[in-house]
Structure formats: C-alpha cells, structure tokens
There are 2 protein chains.
Amino acid sequence: MANKLDFSLYVVTDSRLVGEKSLESVIQLALKGGATMIQYREKNKEANEIYAKALVLKNMCNKFGVPLIINDRLDIAMAIDADGIHIGQKDLPIAEVRKLFGPHKIIGFTVENEAQVVLSNGQEVDYYIAAPVFRTNTKLDDRGLLGIEGLKSMIKVSKKPVIAAGGISLKNAADVMDLGSAGIVVVNQIMSGEDPKLISEKFIKILKPKGI
Amino acid sequence: MANKLDFSLYVVTDSRLVGEKSLESVIQLALKGGATMIQYREKNKEANEIYAKALVLKNMCNKFGVPLIINDRLDIAMAIDADGIHIGQKDLPIAEVRKLFGPHKIIGFTVENEAQVVLSNGQEVDYYIAAPVFRTNTKLDDRGLLGIEGLKSMIKVSKKPVIAAGGISLKNAADVMDLGSAGIVVVNQIMSGEDPKLISEKFIKILKPKGI
C-alpha cells in the first residue's frame with residue numbers, strides 16, 4: 001500500500017470534454033495549477049492508443065512528482081508502470097488487482113454507498129472515491145446522489161481516505177473538505193474550462209488554505 | 001513461448017450469437033466435438049463479468065486439455081492465469097504483453113496483410129490469425145479480403161503457424177489447410193449453430209482426416 005499521498009485535488013480526465021485542446025495540454029496546465037493526483041480515464045479508445053497516451057501522461061506527472069492513476073485497465077497500468085489503478089464495482093476484483101499489481105502500488109476504489117465501504121474496508125485498497133455527491137453532467141447514470149449526509153456517513157465508517165466526486169465546485173469544495181474528505185475529484189471544470197491552470201489554483205486555495 | 005500446440009479447430013466466442021443458449025454450454029459442446037483451442041472474446045461487458053465467465057471457461061477447457069486464450073484484456077488473462085492472450089494491431093504492444101505475461105504463455109496476433117507478418121515475425125508471438133480470408137458476417141469492417149492468394153503469401157513469409165480466419169466453412173476448410181494453414185478459426189457456425197458438437201466433429205474430420 002502507498003503512504004503519504006496527497007489526494008486533495010484529484011483530477012480525472014475526460015478526453016471528450018477538452019474540445020480543440022489536447023488532453024496532454026490540459027493535464028499539463030492542471031499540474032502547473034497544483035493538481036495533486038491525475039487519473040487517466042479513457043473508455044472508448046483502443047488499448048494501444050490508451051497505452052501511448054498513458055506513457056506521455058506518466059512522464060508529465062513524474063516531472064511534477066504527482067502520481068498517475070489508470071482507470072480500469074490494469075494491463076495498461078502495469079505496462080506503463082503507473083503509480084496506481086482505479087477500479088469500480090464492475091472491474092476486476094480488488095484481491096486479483098492487488099496480487100497482480102504488487103503490494104506497493106496505489107489501488108483506488110469507487111464506492112456509491114455505505115454498504116460498499118463496509119464491504120471493502122478490510123480489502124487492500126488505498127483510498128475510496130465516493131460518488132456521486134452532487135449532480136454532475138460527466139457521468140450520465142441513474143445512481144442516487146449521496147449528498148452531504150451520504151458522504152458524511154461514508155467518511156465515518158471508512159477506514160481509508162475518502163475523496164468526494166460528482167458536482168464538486170469552488171462553491172461547495174470547502175464544505176466537502178470540512179466533512180473530513182481527503183480531497184475532491186474534479187473532471188468537467190478542468191477538462192472543459194477555459195483556463196485549467198487558473199481553476200486548479202483556485203481549487204488549491206480552498207483545499208489548502210494554509211498552503212500546507 | 002509455447003510448444004506443440006494444436007491450432008486446427010480454433011473456436012472464437014461471440015456471446016451475441018448464441019441466442020437463448022449460454023456461451024458456456026456452446027463451448028462445452030464445441031470441446032466435446034473436438035475443438036483444439038478456445039479464444040474467449042468479449043467486447044461489450046464489464047471486466048468483472050468477463051473475469052467471472054473466463055474462470056468458468058478456463059475450468060472447462062482444462063478438463064479437455066484445451067488451451068484457453070483471452071482476447072485483448074491481458075489483465076483478465078493474468079488474473080485467471082489463462083494459457084494465452086490474443087491481441088490485434090490496436091492492442092497493447094507485443095513486447096509489453098510478453099514482458100508482463102511471461103515467457104511460457106501463448107501470445108497470438110492478428111495479421112491482415114503480408115507487411116504485418118513481416119513486421120512481427122521477429123517478435124515473441126506464438127501464432128498468427130490471418131483475417132479475413134473470406135467474407136464473414138461476424139466482423140463488420142472494411143478490411144480487404146485476403147482470399148486464397150493473400151493467405152498463401154502470408155503463410156509463405158510467416159515464421160509462425162498461421163491460422164486462417166473469416167468465412168471458413170466445411171466447404172473451403174480443406175483448401176485452406178492445403179495451403180499450409182495450421183488451423184482454422186470458426187465463430188459463427190459454432191456459436192449460432194444448432195448443434196455445436198456435430199459441426200465441430202464435421203470440421204475435425206476435414207482438419208484431421210487421418211485422426212492425427
């Protein structure tokens with residue numbers, strides 16, 4: 001398991017949102033603005049393309065000392081020697097992922113309710129992403145919203161750091177952190193934002209008010 | 001690299017074609033009918049579902065002493081300790097797959113023209129699937145058909161066994177084998193056939209006329 005990770009500004013990619021910009025340039029700017037963790041999430045591309053782009057992002061993240069997490073595809077994570085993998089409820093079982101990826105890699109797990117936290121608390125996961133807290137346009141699904149209360153109860157039972165995802169904005173980020181979140185996931189605002197660096201900086205000011 | 005493999009009746013799954021039957025029951029019948037290799041190919045399911053089904057197929061294949069090959073998802077192949085992986089031109093690079101999967105696992109590679117054979121001849125691949133030889137309804141794409149002549153020239157330059165895929169039937173299987181193919185890929189006729197065992201037996205009679 002990994003130690004001393006800074007989850008505060010956890011950026012998840014969505015290449016469909018970057019418009020005419022390249023995903024790489026957006027991530028570069030987010031890193032310059034203070035992003036503390038990058039998750040490369042790519043659902044509709046061929047493996048060789050994901051692999052090639054993941055390699056570029058890994059080099060970029062390395063320069064900033066920021067961990068790169070790959071979504072779902074453990075084979076790609078292993079092939080590029082990524083810092084971590086992020087899996088959801090419908091991906092490979094956690095135990096298999098830990099066995100293949102090794103004891104020192106970061107494994108993140110998406111949880112959508114308190115029961116899923118309790119069920120996986122004993123497993124070798126390094127952090128949770130709790131989602132969706134608020135309404136979001138990034139993931140179109142019918143999962144129920146956690147809201148502040150749902151997030152709070154998940155943080156309470158969790159034995160791992162919990163990162164809040166789904167509709168987190170500059171307006172509600174402070175409230176979410178006050179509950180004991182280890183960080184927030186930002187997708188939309190950085191991916192499709194006019195100035196990914198500036199928006200990252202604004203988030204960081206809220207997440208780390210004392211510059212910790 | 002793997003040795004002494006029997007590629008003659010190489011069955012590739014397509015769960016969309018099995019209708020009301022289960023994929024497992026179809027594969028079981030194909031194995032009883034003499035299938036010598038099974039490739040589990042699944043494109044539109046979640047990883048945990050592919051993983052669970054792959055485990056079932058692996059146990060089934062083990063009982064028949066037939067290798068189970070997983071398509072594309074090396075992570076799933078590794079998680080279930082499959083006998084092999086089959087990758088295409090748009091999957092992870094061969095060298096990365098070999099490095100992660102180990103020296104004794106089977107790696108198959110799809111080739112669509114002579115140039116691709118020449119390019120990968122020096123790489124650590126155990127066999128090629130040459131496709132598409134004839135017209136097929138299984139893969140809807142715009143790749144050019146190899147035809148008998150195209151297949152012949154690929155077999156000629158290949159340093160590995162070549163399995164012919166695409167529109168192979170009981171009528172043309174003998175011709176394809178006469179060119180020096182190591183085997184044939186069958187999808188449609190076994191997946192959607194009324195009697196997967198009988199059709200497999202019929203193919204085997206053509207592929208191994210002397211019962212070798």
# chains A, B, ... in the order shown; residues from 1 in each chain; ligands from 1
>>> residues_around(residues="Ala79 (chain B)", least_positions_apart="3", cutoff="8 Å", atoms="only C-alpha atoms", output="list in words")
Glu96, Val97 and Leu100 of chain A; Tyr51, Asp75, Ile76 and Ala82 of chain B
>>> select_by_dssp(residues="chain A", states="strand (DSSP E or B)", output="mmCIF file with C-alpha atoms, in the first residue's frame")
data_model
loop_
_atom_site.group_PDB
_atom_site.id
_atom_site.type_symbol
_atom_site.label_atom_id
_atom_site.label_comp_id
_atom_site.auth_asym_id
_atom_site.auth_seq_id
_atom_site.Cartn_x
_atom_site.Cartn_y
_atom_site.Cartn_z
ATOM 1 C CA LEU A 9 -7.008 17.954 -5.975
ATOM 2 C CA TYR A 10 -7.655 14.670 -7.741
ATOM 3 C CA VAL A 11 -8.163 15.323 -11.458
ATOM 4 C CA VAL A 12 -9.913 12.718 -13.597
ATOM 5 C CA MET A 37 -3.181 13.381 -8.425
ATOM 6 C CA ILE A 38 -4.156 12.525 -12.012
ATOM 7 C CA GLN A 39 -6.420 9.683 -13.064
ATOM 8 C CA TYR A 40 -6.323 8.825 -16.743
ATOM 9 C CA LEU A 68 -0.640 8.880 -12.270
ATOM 10 C CA ILE A 69 -3.543 6.512 -11.736
ATOM 11 C CA ILE A 70 -5.007 4.482 -14.620
ATOM 12 C CA ASN A 71 -8.702 3.781 -14.703
ATOM 13 C CA GLY A 84 -1.787 3.249 -9.361
ATOM 14 C CA ILE A 85 -5.015 1.882 -10.685
ATOM 15 C CA HIS A 86 -8.554 2.985 -10.043
ATOM 16 C CA ILE A 87 -11.283 0.392 -10.191
ATOM 17 C CA ILE A 106 -1.876 2.556 -5.261
ATOM 18 C CA ILE A 107 -5.308 0.995 -5.656
ATOM 19 C CA GLY A 108 -8.385 3.200 -5.592
ATOM 20 C CA PHE A 109 -11.956 2.008 -5.461
ATOM 21 C CA THR A 110 -15.222 3.749 -6.264
ATOM 22 C CA VAL A 111 -17.942 3.403 -3.643
ATOM 23 C CA TYR A 127 -8.439 5.145 -0.977
ATOM 24 C CA TYR A 128 -12.069 5.493 -1.934
ATOM 25 C CA ILE A 129 -13.757 7.796 -4.358
ATOM 26 C CA ALA A 130 -17.291 8.357 -3.077
ATOM 27 C CA VAL A 162 -12.352 9.241 1.044
ATOM 28 C CA ILE A 163 -12.259 11.553 -1.971
ATOM 29 C CA ALA A 164 -15.533 13.223 -2.866
ATOM 30 C CA GLY A 183 -9.785 15.543 -1.359
ATOM 31 C CA ILE A 184 -12.102 16.235 -4.231
ATOM 32 C CA VAL A 185 -12.408 14.886 -7.755
ATOM 33 C CA VAL A 186 -12.635 17.475 -10.494
#
>>> calpha_fit_and_write(fixed="chain A", moving="chain B", output="PDB file with C-alpha atoms, in the first residue's frame")
ATOM      1  CA  MET B   1      -0.010   0.041   0.016  1.00  0.00           C
ATOM      2  CA  ALA B   2       1.066   3.543  -0.679  1.00  0.00           C
ATOM      3  CA  ASN B   3       1.662   6.128   2.020  1.00  0.00           C
ATOM      4  CA  LYS B   4       1.603   9.886   2.380  1.00  0.00           C
ATOM      5  CA  LEU B   5      -0.484  10.536  -0.683  1.00  0.00           C
ATOM      6  CA  ASP B   6      -1.928  13.976  -1.308  1.00  0.00           C
ATOM      7  CA  PHE B   7      -5.433  13.409  -2.613  1.00  0.00           C
ATOM      8  CA  SER B   8      -6.609  17.000  -2.320  1.00  0.00           C
ATOM      9  CA  LEU B   9      -6.999  17.950  -5.978  1.00  0.00           C
ATOM     10  CA  TYR B  10      -7.663  14.662  -7.736  1.00  0.00           C
ATOM     11  CA  VAL B  11      -8.163  15.324 -11.457  1.00  0.00           C
ATOM     12  CA  VAL B  12      -9.902  12.710 -13.607  1.00  0.00           C
ATOM     13  CA  THR B  13      -9.517  13.029 -17.361  1.00  0.00           C
ATOM     14  CA  ASP B  14     -12.269  12.995 -19.928  1.00  0.00           C
ATOM     15  CA  SER B  15     -10.914  13.442 -23.424  1.00  0.00           C
ATOM     16  CA  ARG B  16     -14.405  14.070 -24.820  1.00  0.00           C
ATOM     17  CA  LEU B  17     -14.540  17.349 -22.904  1.00  0.00           C
ATOM     18  CA  VAL B  18     -11.293  19.014 -23.942  1.00  0.00           C
ATOM     19  CA  GLY B  19     -12.641  20.318 -27.258  1.00  0.00           C
ATOM     20  CA  GLU B  20      -9.896  21.507 -29.565  1.00  0.00           C
ATOM     21  CA  LYS B  21      -7.232  21.333 -26.900  1.00  0.00           C
ATOM     22  CA  SER B  22      -5.180  18.192 -26.390  1.00  0.00           C
ATOM     23  CA  LEU B  23      -5.723  16.183 -23.244  1.00  0.00           C
ATOM     24  CA  GLU B  24      -1.989  16.409 -22.591  1.00  0.00           C
ATOM     25  CA  SER B  25      -2.005  20.210 -22.640  1.00  0.00           C
ATOM     26  CA  VAL B  26      -4.947  20.340 -20.242  1.00  0.00           C
ATOM     27  CA  ILE B  27      -3.256  17.962 -17.812  1.00  0.00           C
ATOM     28  CA  GLN B  28      -0.016  19.908 -18.055  1.00  0.00           C
ATOM     29  CA  LEU B  29      -1.890  23.072 -17.035  1.00  0.00           C
ATOM     30  CA  ALA B  30      -3.742  21.316 -14.221  1.00  0.00           C
ATOM     31  CA  LEU B  31      -0.399  20.101 -12.882  1.00  0.00           C
ATOM     32  CA  LYS B  32       1.030  23.601 -13.076  1.00  0.00           C
ATOM     33  CA  GLY B  33      -2.025  24.811 -11.199  1.00  0.00           C
ATOM     34  CA  GLY B  34      -1.389  22.381  -8.371  1.00  0.00           C
ATOM     35  CA  ALA B  35      -3.254  19.136  -9.144  1.00  0.00           C
ATOM     36  CA  THR B  36      -2.044  16.526  -6.658  1.00  0.00           C
ATOM     37  CA  MET B  37      -3.186  13.376  -8.438  1.00  0.00           C
ATOM     38  CA  ILE B  38      -4.153  12.513 -12.022  1.00  0.00           C
ATOM     39  CA  GLN B  39      -6.409   9.685 -13.071  1.00  0.00           C
ATOM     40  CA  TYR B  40      -6.320   8.823 -16.746  1.00  0.00           C
ATOM     41  CA  ARG B  41      -9.756   7.536 -17.652  1.00  0.00           C
ATOM     42  CA  GLU B  42     -10.422   6.497 -21.227  1.00  0.00           C
ATOM     43  CA  LYS B  43     -13.357   4.363 -22.207  1.00  0.00           C
ATOM     44  CA  ASN B  44     -13.711   4.446 -25.966  1.00  0.00           C
ATOM     45  CA  LYS B  45     -10.224   4.127 -27.379  1.00  0.00           C
ATOM     46  CA  GLU B  46      -8.177   1.139 -28.475  1.00  0.00           C
ATOM     47  CA  ALA B  47      -5.652  -0.256 -25.996  1.00  0.00           C
ATOM     48  CA  ASN B  48      -2.595   0.796 -28.002  1.00  0.00           C
ATOM     49  CA  GLU B  49      -3.810   4.389 -28.084  1.00  0.00           C
ATOM     50  CA  ILE B  50      -4.562   4.447 -24.358  1.00  0.00           C
ATOM     51  CA  TYR B  51      -1.151   2.920 -23.723  1.00  0.00           C
ATOM     52  CA  ALA B  52       0.661   5.541 -25.807  1.00  0.00           C
ATOM     53  CA  LYS B  53      -1.173   8.434 -24.177  1.00  0.00           C
ATOM     54  CA  ALA B  54      -0.709   6.976 -20.712  1.00  0.00           C
ATOM     55  CA  LEU B  55       3.058   6.897 -21.281  1.00  0.00           C
ATOM     56  CA  VAL B  56       3.057  10.598 -22.148  1.00  0.00           C
ATOM     57  CA  LEU B  57       0.950  11.456 -19.103  1.00  0.00           C
ATOM     58  CA  LYS B  58       3.190   9.387 -16.879  1.00  0.00           C
ATOM     59  CA  ASN B  59       6.295  11.312 -17.908  1.00  0.00           C
ATOM     60  CA  MET B  60       4.410  14.546 -17.376  1.00  0.00           C
ATOM     61  CA  CYS B  61       3.189  13.584 -13.912  1.00  0.00           C
ATOM     62  CA  ASN B  62       6.649  12.327 -12.925  1.00  0.00           C
ATOM     63  CA  LYS B  63       8.085  15.785 -13.530  1.00  0.00           C
ATOM     64  CA  PHE B  64       5.618  17.231 -11.051  1.00  0.00           C
ATOM     65  CA  GLY B  65       6.025  14.390  -8.562  1.00  0.00           C
ATOM     66  CA  VAL B  66       2.321  13.660  -8.963  1.00  0.00           C
ATOM     67  CA  PRO B  67       1.048  10.059  -9.083  1.00  0.00           C
ATOM     68  CA  LEU B  68      -0.630   8.879 -12.284  1.00  0.00           C
ATOM     69  CA  ILE B  69      -3.533   6.513 -11.758  1.00  0.00           C
ATOM     70  CA  ILE B  70      -4.988   4.475 -14.628  1.00  0.00           C
ATOM     71  CA  ASN B  71      -8.703   3.771 -14.707  1.00  0.00           C
ATOM     72  CA  ASP B  72      -9.876   0.170 -15.011  1.00  0.00           C
ATOM     73  CA  ARG B  73      -7.216  -1.271 -17.377  1.00  0.00           C
ATOM     74  CA  LEU B  74      -4.735  -2.942 -15.083  1.00  0.00           C
ATOM     75  CA  ASP B  75      -2.804  -4.317 -18.047  1.00  0.00           C
ATOM     76  CA  ILE B  76      -2.117  -0.802 -19.279  1.00  0.00           C
ATOM     77  CA  ALA B  77      -1.270   0.381 -15.760  1.00  0.00           C
ATOM     78  CA  MET B  78       1.259  -2.443 -15.483  1.00  0.00           C
ATOM     79  CA  ALA B  79       2.657  -1.912 -18.975  1.00  0.00           C
ATOM     80  CA  ILE B  80       3.472   1.743 -18.250  1.00  0.00           C
ATOM     81  CA  ASP B  81       4.384   1.059 -14.611  1.00  0.00           C
ATOM     82  CA  ALA B  82       1.796   3.566 -13.426  1.00  0.00           C
ATOM     83  CA  ASP B  83       1.692   4.605  -9.799  1.00  0.00           C
ATOM     84  CA  GLY B  84      -1.772   3.249  -9.367  1.00  0.00           C
ATOM     85  CA  ILE B  85      -5.012   1.870 -10.695  1.00  0.00           C
ATOM     86  CA  HIS B  86      -8.543   2.989 -10.048  1.00  0.00           C
ATOM     87  CA  ILE B  87     -11.276   0.385 -10.193  1.00  0.00           C
ATOM     88  CA  GLY B  88     -15.012   0.436  -9.796  1.00  0.00           C
ATOM     89  CA  GLN B  89     -17.605  -2.033  -8.599  1.00  0.00           C
ATOM     90  CA  LYS B  90     -17.727  -3.705 -12.027  1.00  0.00           C
ATOM     91  CA  ASP B  91     -13.999  -4.052 -12.656  1.00  0.00           C
ATOM     92  CA  LEU B  92     -11.633  -6.861 -11.689  1.00  0.00           C
ATOM     93  CA  PRO B  93     -11.845  -7.970  -8.035  1.00  0.00           C
ATOM     94  CA  ILE B  94      -9.624  -5.946  -5.680  1.00  0.00           C
ATOM     95  CA  ALA B  95      -7.740  -9.018  -4.463  1.00  0.00           C
ATOM     96  CA  GLU B  96      -6.777 -10.008  -8.017  1.00  0.00           C
ATOM     97  CA  VAL B  97      -5.670  -6.475  -8.796  1.00  0.00           C
ATOM     98  CA  ARG B  98      -3.503  -6.290  -5.674  1.00  0.00           C
ATOM     99  CA  LYS B  99      -1.955  -9.682  -6.418  1.00  0.00           C
ATOM    100  CA  LEU B 100      -1.030  -8.744  -9.981  1.00  0.00           C
ATOM    101  CA  PHE B 101      -0.041  -5.135  -9.384  1.00  0.00           C
ATOM    102  CA  GLY B 102       2.039  -5.679  -6.263  1.00  0.00           C
ATOM    103  CA  PRO B 103       1.977  -4.514  -2.658  1.00  0.00           C
ATOM    104  CA  HIS B 104       3.358  -0.995  -3.176  1.00  0.00           C
ATOM    105  CA  LYS B 105       1.083   0.270  -5.902  1.00  0.00           C
ATOM    106  CA  ILE B 106      -1.880   2.558  -5.276  1.00  0.00           C
ATOM    107  CA  ILE B 107      -5.304   0.997  -5.665  1.00  0.00           C
ATOM    108  CA  GLY B 108      -8.387   3.207  -5.599  1.00  0.00           C
ATOM    109  CA  PHE B 109     -11.959   2.016  -5.467  1.00  0.00           C
ATOM    110  CA  THR B 110     -15.216   3.753  -6.274  1.00  0.00           C
ATOM    111  CA  VAL B 111     -17.940   3.409  -3.649  1.00  0.00           C
ATOM    112  CA  GLU B 112     -21.524   4.513  -4.131  1.00  0.00           C
ATOM    113  CA  ASN B 113     -22.965   3.815  -0.698  1.00  0.00           C
ATOM    114  CA  GLU B 114     -22.085   2.987   2.878  1.00  0.00           C
ATOM    115  CA  ALA B 115     -22.517  -0.762   2.395  1.00  0.00           C
ATOM    116  CA  GLN B 116     -19.840  -0.806  -0.300  1.00  0.00           C
ATOM    117  CA  VAL B 117     -17.447   0.979   2.054  1.00  0.00           C
ATOM    118  CA  VAL B 118     -18.058  -1.537   4.817  1.00  0.00           C
ATOM    119  CA  LEU B 119     -17.662  -4.457   2.404  1.00  0.00           C
ATOM    120  CA  SER B 120     -14.302  -3.272   1.110  1.00  0.00           C
ATOM    121  CA  ASN B 121     -12.850  -1.712   4.272  1.00  0.00           C
ATOM    122  CA  GLY B 122     -10.900  -4.894   5.000  1.00  0.00           C
ATOM    123  CA  GLN B 123      -9.495  -5.147   1.487  1.00  0.00           C
ATOM    124  CA  GLU B 124      -6.199  -3.826   0.205  1.00  0.00           C
ATOM    125  CA  VAL B 125      -7.457  -0.567  -1.180  1.00  0.00           C
ATOM    126  CA  ASP B 126      -5.603   2.699  -0.560  1.00  0.00           C
ATOM    127  CA  TYR B 127      -8.440   5.148  -0.984  1.00  0.00           C
ATOM    128  CA  TYR B 128     -12.056   5.486  -1.941  1.00  0.00           C
ATOM    129  CA  ILE B 129     -13.757   7.792  -4.369  1.00  0.00           C
ATOM    130  CA  ALA B 130     -17.294   8.362  -3.074  1.00  0.00           C
ATOM    131  CA  ALA B 131     -19.643   9.239  -5.924  1.00  0.00           C
ATOM    132  CA  PRO B 132     -21.780  10.963  -6.912  1.00  0.00           C
ATOM    133  CA  VAL B 133     -22.085  13.509  -4.122  1.00  0.00           C
ATOM    134  CA  PHE B 134     -23.907  16.131  -6.171  1.00  0.00           C
ATOM    135  CA  ARG B 135     -25.460  16.210  -9.604  1.00  0.00           C
ATOM    136  CA  THR B 136     -22.996  16.116 -12.470  1.00  0.00           C
ATOM    137  CA  ASN B 137     -23.033  16.086 -16.229  1.00  0.00           C
ATOM    138  CA  THR B 138     -19.884  14.007 -16.586  1.00  0.00           C
ATOM    139  CA  LYS B 139     -21.370  10.655 -15.720  1.00  0.00           C
ATOM    140  CA  LEU B 140     -24.827  10.092 -17.001  1.00  0.00           C
ATOM    141  CA  ASP B 141     -26.230   7.401 -14.811  1.00  0.00           C
ATOM    142  CA  ASP B 142     -29.076   6.731 -12.492  1.00  0.00           C
ATOM    143  CA  ARG B 143     -27.137   6.242  -9.302  1.00  0.00           C
ATOM    144  CA  GLY B 144     -28.641   8.051  -6.360  1.00  0.00           C
ATOM    145  CA  LEU B 145     -26.902  11.187  -5.170  1.00  0.00           C
ATOM    146  CA  LEU B 146     -25.069  10.866  -1.863  1.00  0.00           C
ATOM    147  CA  GLY B 147     -25.469  14.465  -0.830  1.00  0.00           C
ATOM    148  CA  ILE B 148     -23.607  15.916   2.134  1.00  0.00           C
ATOM    149  CA  GLU B 149     -25.267  13.496   4.558  1.00  0.00           C
ATOM    150  CA  GLY B 150     -24.461  10.405   2.500  1.00  0.00           C
ATOM    151  CA  LEU B 151     -20.833  11.442   2.093  1.00  0.00           C
ATOM    152  CA  LYS B 152     -20.574  12.181   5.804  1.00  0.00           C
ATOM    153  CA  SER B 153     -21.791   8.733   6.813  1.00  0.00           C
ATOM    154  CA  MET B 154     -19.425   7.059   4.354  1.00  0.00           C
ATOM    155  CA  ILE B 155     -16.446   8.999   5.688  1.00  0.00           C
ATOM    156  CA  LYS B 156     -17.503   7.998   9.195  1.00  0.00           C
ATOM    157  CA  VAL B 157     -17.401   4.246   8.515  1.00  0.00           C
ATOM    158  CA  SER B 158     -14.422   4.328   6.145  1.00  0.00           C
ATOM    159  CA  LYS B 159     -11.008   3.060   7.187  1.00  0.00           C
ATOM    160  CA  LYS B 160      -9.390   4.719   4.183  1.00  0.00           C
ATOM    161  CA  PRO B 161      -9.163   8.262   2.852  1.00  0.00           C
ATOM    162  CA  VAL B 162     -12.348   9.248   1.051  1.00  0.00           C
ATOM    163  CA  ILE B 163     -12.261  11.544  -1.969  1.00  0.00           C
ATOM    164  CA  ALA B 164     -15.530  13.221  -2.866  1.00  0.00           C
ATOM    165  CA  ALA B 165     -16.639  13.125  -6.496  1.00  0.00           C
ATOM    166  CA  GLY B 166     -19.563  14.429  -8.499  1.00  0.00           C
ATOM    167  CA  GLY B 167     -20.545  18.052  -8.859  1.00  0.00           C
ATOM    168  CA  ILE B 168     -17.795  19.419  -6.634  1.00  0.00           C
ATOM    169  CA  SER B 169     -17.284  23.112  -7.376  1.00  0.00           C
ATOM    170  CA  LEU B 170     -15.462  26.126  -5.998  1.00  0.00           C
ATOM    171  CA  LYS B 171     -18.665  26.878  -4.080  1.00  0.00           C
ATOM    172  CA  ASN B 172     -19.069  23.571  -2.242  1.00  0.00           C
ATOM    173  CA  ALA B 173     -15.467  22.312  -2.033  1.00  0.00           C
ATOM    174  CA  ALA B 174     -14.862  23.835   1.411  1.00  0.00           C
ATOM    175  CA  ASP B 175     -17.994  22.205   2.862  1.00  0.00           C
ATOM    176  CA  VAL B 176     -16.972  18.848   1.431  1.00  0.00           C
ATOM    177  CA  MET B 177     -13.492  19.145   2.934  1.00  0.00           C
ATOM    178  CA  ASP B 178     -14.935  20.166   6.306  1.00  0.00           C
ATOM    179  CA  LEU B 179     -16.662  16.779   6.495  1.00  0.00           C
ATOM    180  CA  GLY B 180     -13.272  15.074   6.547  1.00  0.00           C
ATOM    181  CA  SER B 181     -12.827  14.330   2.847  1.00  0.00           C
ATOM    182  CA  ALA B 182      -9.239  13.629   1.843  1.00  0.00           C
ATOM    183  CA  GLY B 183      -9.787  15.540  -1.360  1.00  0.00           C
ATOM    184  CA  ILE B 184     -12.096  16.224  -4.238  1.00  0.00           C
ATOM    185  CA  VAL B 185     -12.406  14.884  -7.753  1.00  0.00           C
ATOM    186  CA  VAL B 186     -12.635  17.470 -10.493  1.00  0.00           C
ATOM    187  CA  VAL B 187     -13.387  16.508 -14.090  1.00  0.00           C
ATOM    188  CA  ASN B 188     -15.573  18.893 -16.012  1.00  0.00           C
ATOM    189  CA  GLN B 189     -14.308  22.217 -14.734  1.00  0.00           C
ATOM    190  CA  ILE B 190     -10.700  21.393 -15.554  1.00  0.00           C
ATOM    191  CA  MET B 191     -11.277  19.385 -18.741  1.00  0.00           C
ATOM    192  CA  SER B 192     -13.601  21.880 -20.381  1.00  0.00           C
ATOM    193  CA  GLY B 193     -12.521  25.010 -18.536  1.00  0.00           C
ATOM    194  CA  GLU B 194     -11.006  27.933 -20.388  1.00  0.00           C
ATOM    195  CA  ASP B 195      -8.029  28.069 -18.062  1.00  0.00           C
ATOM    196  CA  PRO B 196      -7.250  24.721 -16.416  1.00  0.00           C
ATOM    197  CA  LYS B 197      -4.284  26.203 -14.546  1.00  0.00           C
ATOM    198  CA  LEU B 198      -6.251  29.058 -13.002  1.00  0.00           C
ATOM    199  CA  ILE B 199      -9.180  26.861 -11.974  1.00  0.00           C
ATOM    200  CA  SER B 200      -6.760  24.376 -10.392  1.00  0.00           C
ATOM    201  CA  GLU B 201      -5.105  27.182  -8.458  1.00  0.00           C
ATOM    202  CA  LYS B 202      -8.495  28.391  -7.232  1.00  0.00           C
ATOM    203  CA  PHE B 203      -9.361  24.903  -6.007  1.00  0.00           C
ATOM    204  CA  ILE B 204      -5.994  24.539  -4.303  1.00  0.00           C
ATOM    205  CA  LYS B 205      -6.561  27.784  -2.388  1.00  0.00           C
ATOM    206  CA  ILE B 206      -9.743  26.299  -0.951  1.00  0.00           C
ATOM    207  CA  LEU B 207      -8.305  22.833  -0.379  1.00  0.00           C
ATOM    208  CA  LYS B 208      -5.089  24.032   1.206  1.00  0.00           C
ATOM    209  CA  PRO B 209      -5.945  27.404   2.724  1.00  0.00           C
ATOM    210  CA  LYS B 210      -2.770  27.459   4.765  1.00  0.00           C
ATOM    211  CA  GLY B 211      -0.584  26.325   1.877  1.00  0.00           C
ATOM    212  CA  ILE B 212       0.060  22.978   3.560  1.00  0.00           C
TER     213      ILE B 212
END
>>> select_by_dssp(residues="region 44-114 of chain A", states="helix (DSSP H, G or I)", output="count of residues only")
33
>>> decode(residues="region 57-72 of chain A", atoms="N, CA and C atoms", output="short mmCIF file (atom, residue, chain, number, x, y, z; two decimals), in the first residue's frame")
data_model
loop_
_atom_site.label_atom_id
_atom_site.label_comp_id
_atom_site.auth_asym_id
_atom_site.auth_seq_id
_atom_site.Cartn_x
_atom_site.Cartn_y
_atom_site.Cartn_z
N LEU A 57 1.44 10.88 -20.35
CA LEU A 57 0.94 11.46 -19.09
C LEU A 57 1.81 11.07 -17.91
N LYS A 58 2.33 9.84 -17.96
CA LYS A 58 3.18 9.37 -16.86
C LYS A 58 4.46 10.23 -16.77
N ASN A 59 5.09 10.47 -17.89
CA ASN A 59 6.29 11.31 -17.90
C ASN A 59 5.98 12.71 -17.39
N MET A 60 4.84 13.23 -17.80
CA MET A 60 4.41 14.56 -17.39
C MET A 60 4.20 14.60 -15.87
N CYS A 61 3.47 13.63 -15.35
CA CYS A 61 3.19 13.58 -13.91
C CYS A 61 4.47 13.40 -13.10
N ASN A 62 5.36 12.55 -13.62
CA ASN A 62 6.63 12.32 -12.93
C ASN A 62 7.38 13.63 -12.67
N LYS A 63 7.35 14.51 -13.67
CA LYS A 63 8.08 15.78 -13.53
C LYS A 63 7.52 16.65 -12.41
N PHE A 64 6.24 16.45 -12.12
CA PHE A 64 5.62 17.23 -11.05
C PHE A 64 5.57 16.44 -9.74
N GLY A 65 6.08 15.22 -9.75
CA GLY A 65 6.02 14.39 -8.56
C GLY A 65 4.60 14.01 -8.19
N VAL A 66 3.74 13.94 -9.19
CA VAL A 66 2.32 13.65 -8.96
C VAL A 66 2.01 12.23 -9.45
N PRO A 67 1.35 11.43 -8.64
CA PRO A 67 1.04 10.06 -9.07
C PRO A 67 0.06 10.03 -10.24
N LEU A 68 0.32 9.12 -11.19
CA LEU A 68 -0.64 8.88 -12.27
C LEU A 68 -1.37 7.57 -11.99
N ILE A 69 -2.68 7.67 -11.99
CA ILE A 69 -3.54 6.51 -11.74
C ILE A 69 -4.24 6.17 -13.05
N ILE A 70 -4.29 4.90 -13.41
CA ILE A 70 -5.01 4.48 -14.62
C ILE A 70 -6.36 3.91 -14.23
N ASN A 71 -7.36 4.29 -14.98
CA ASN A 71 -8.70 3.78 -14.70
C ASN A 71 -8.91 2.41 -15.32
N ASP A 72 -9.40 1.48 -14.54
CA ASP A 72 -9.89 0.17 -15.00
C ASP A 72 -8.84 -0.78 -15.58
#
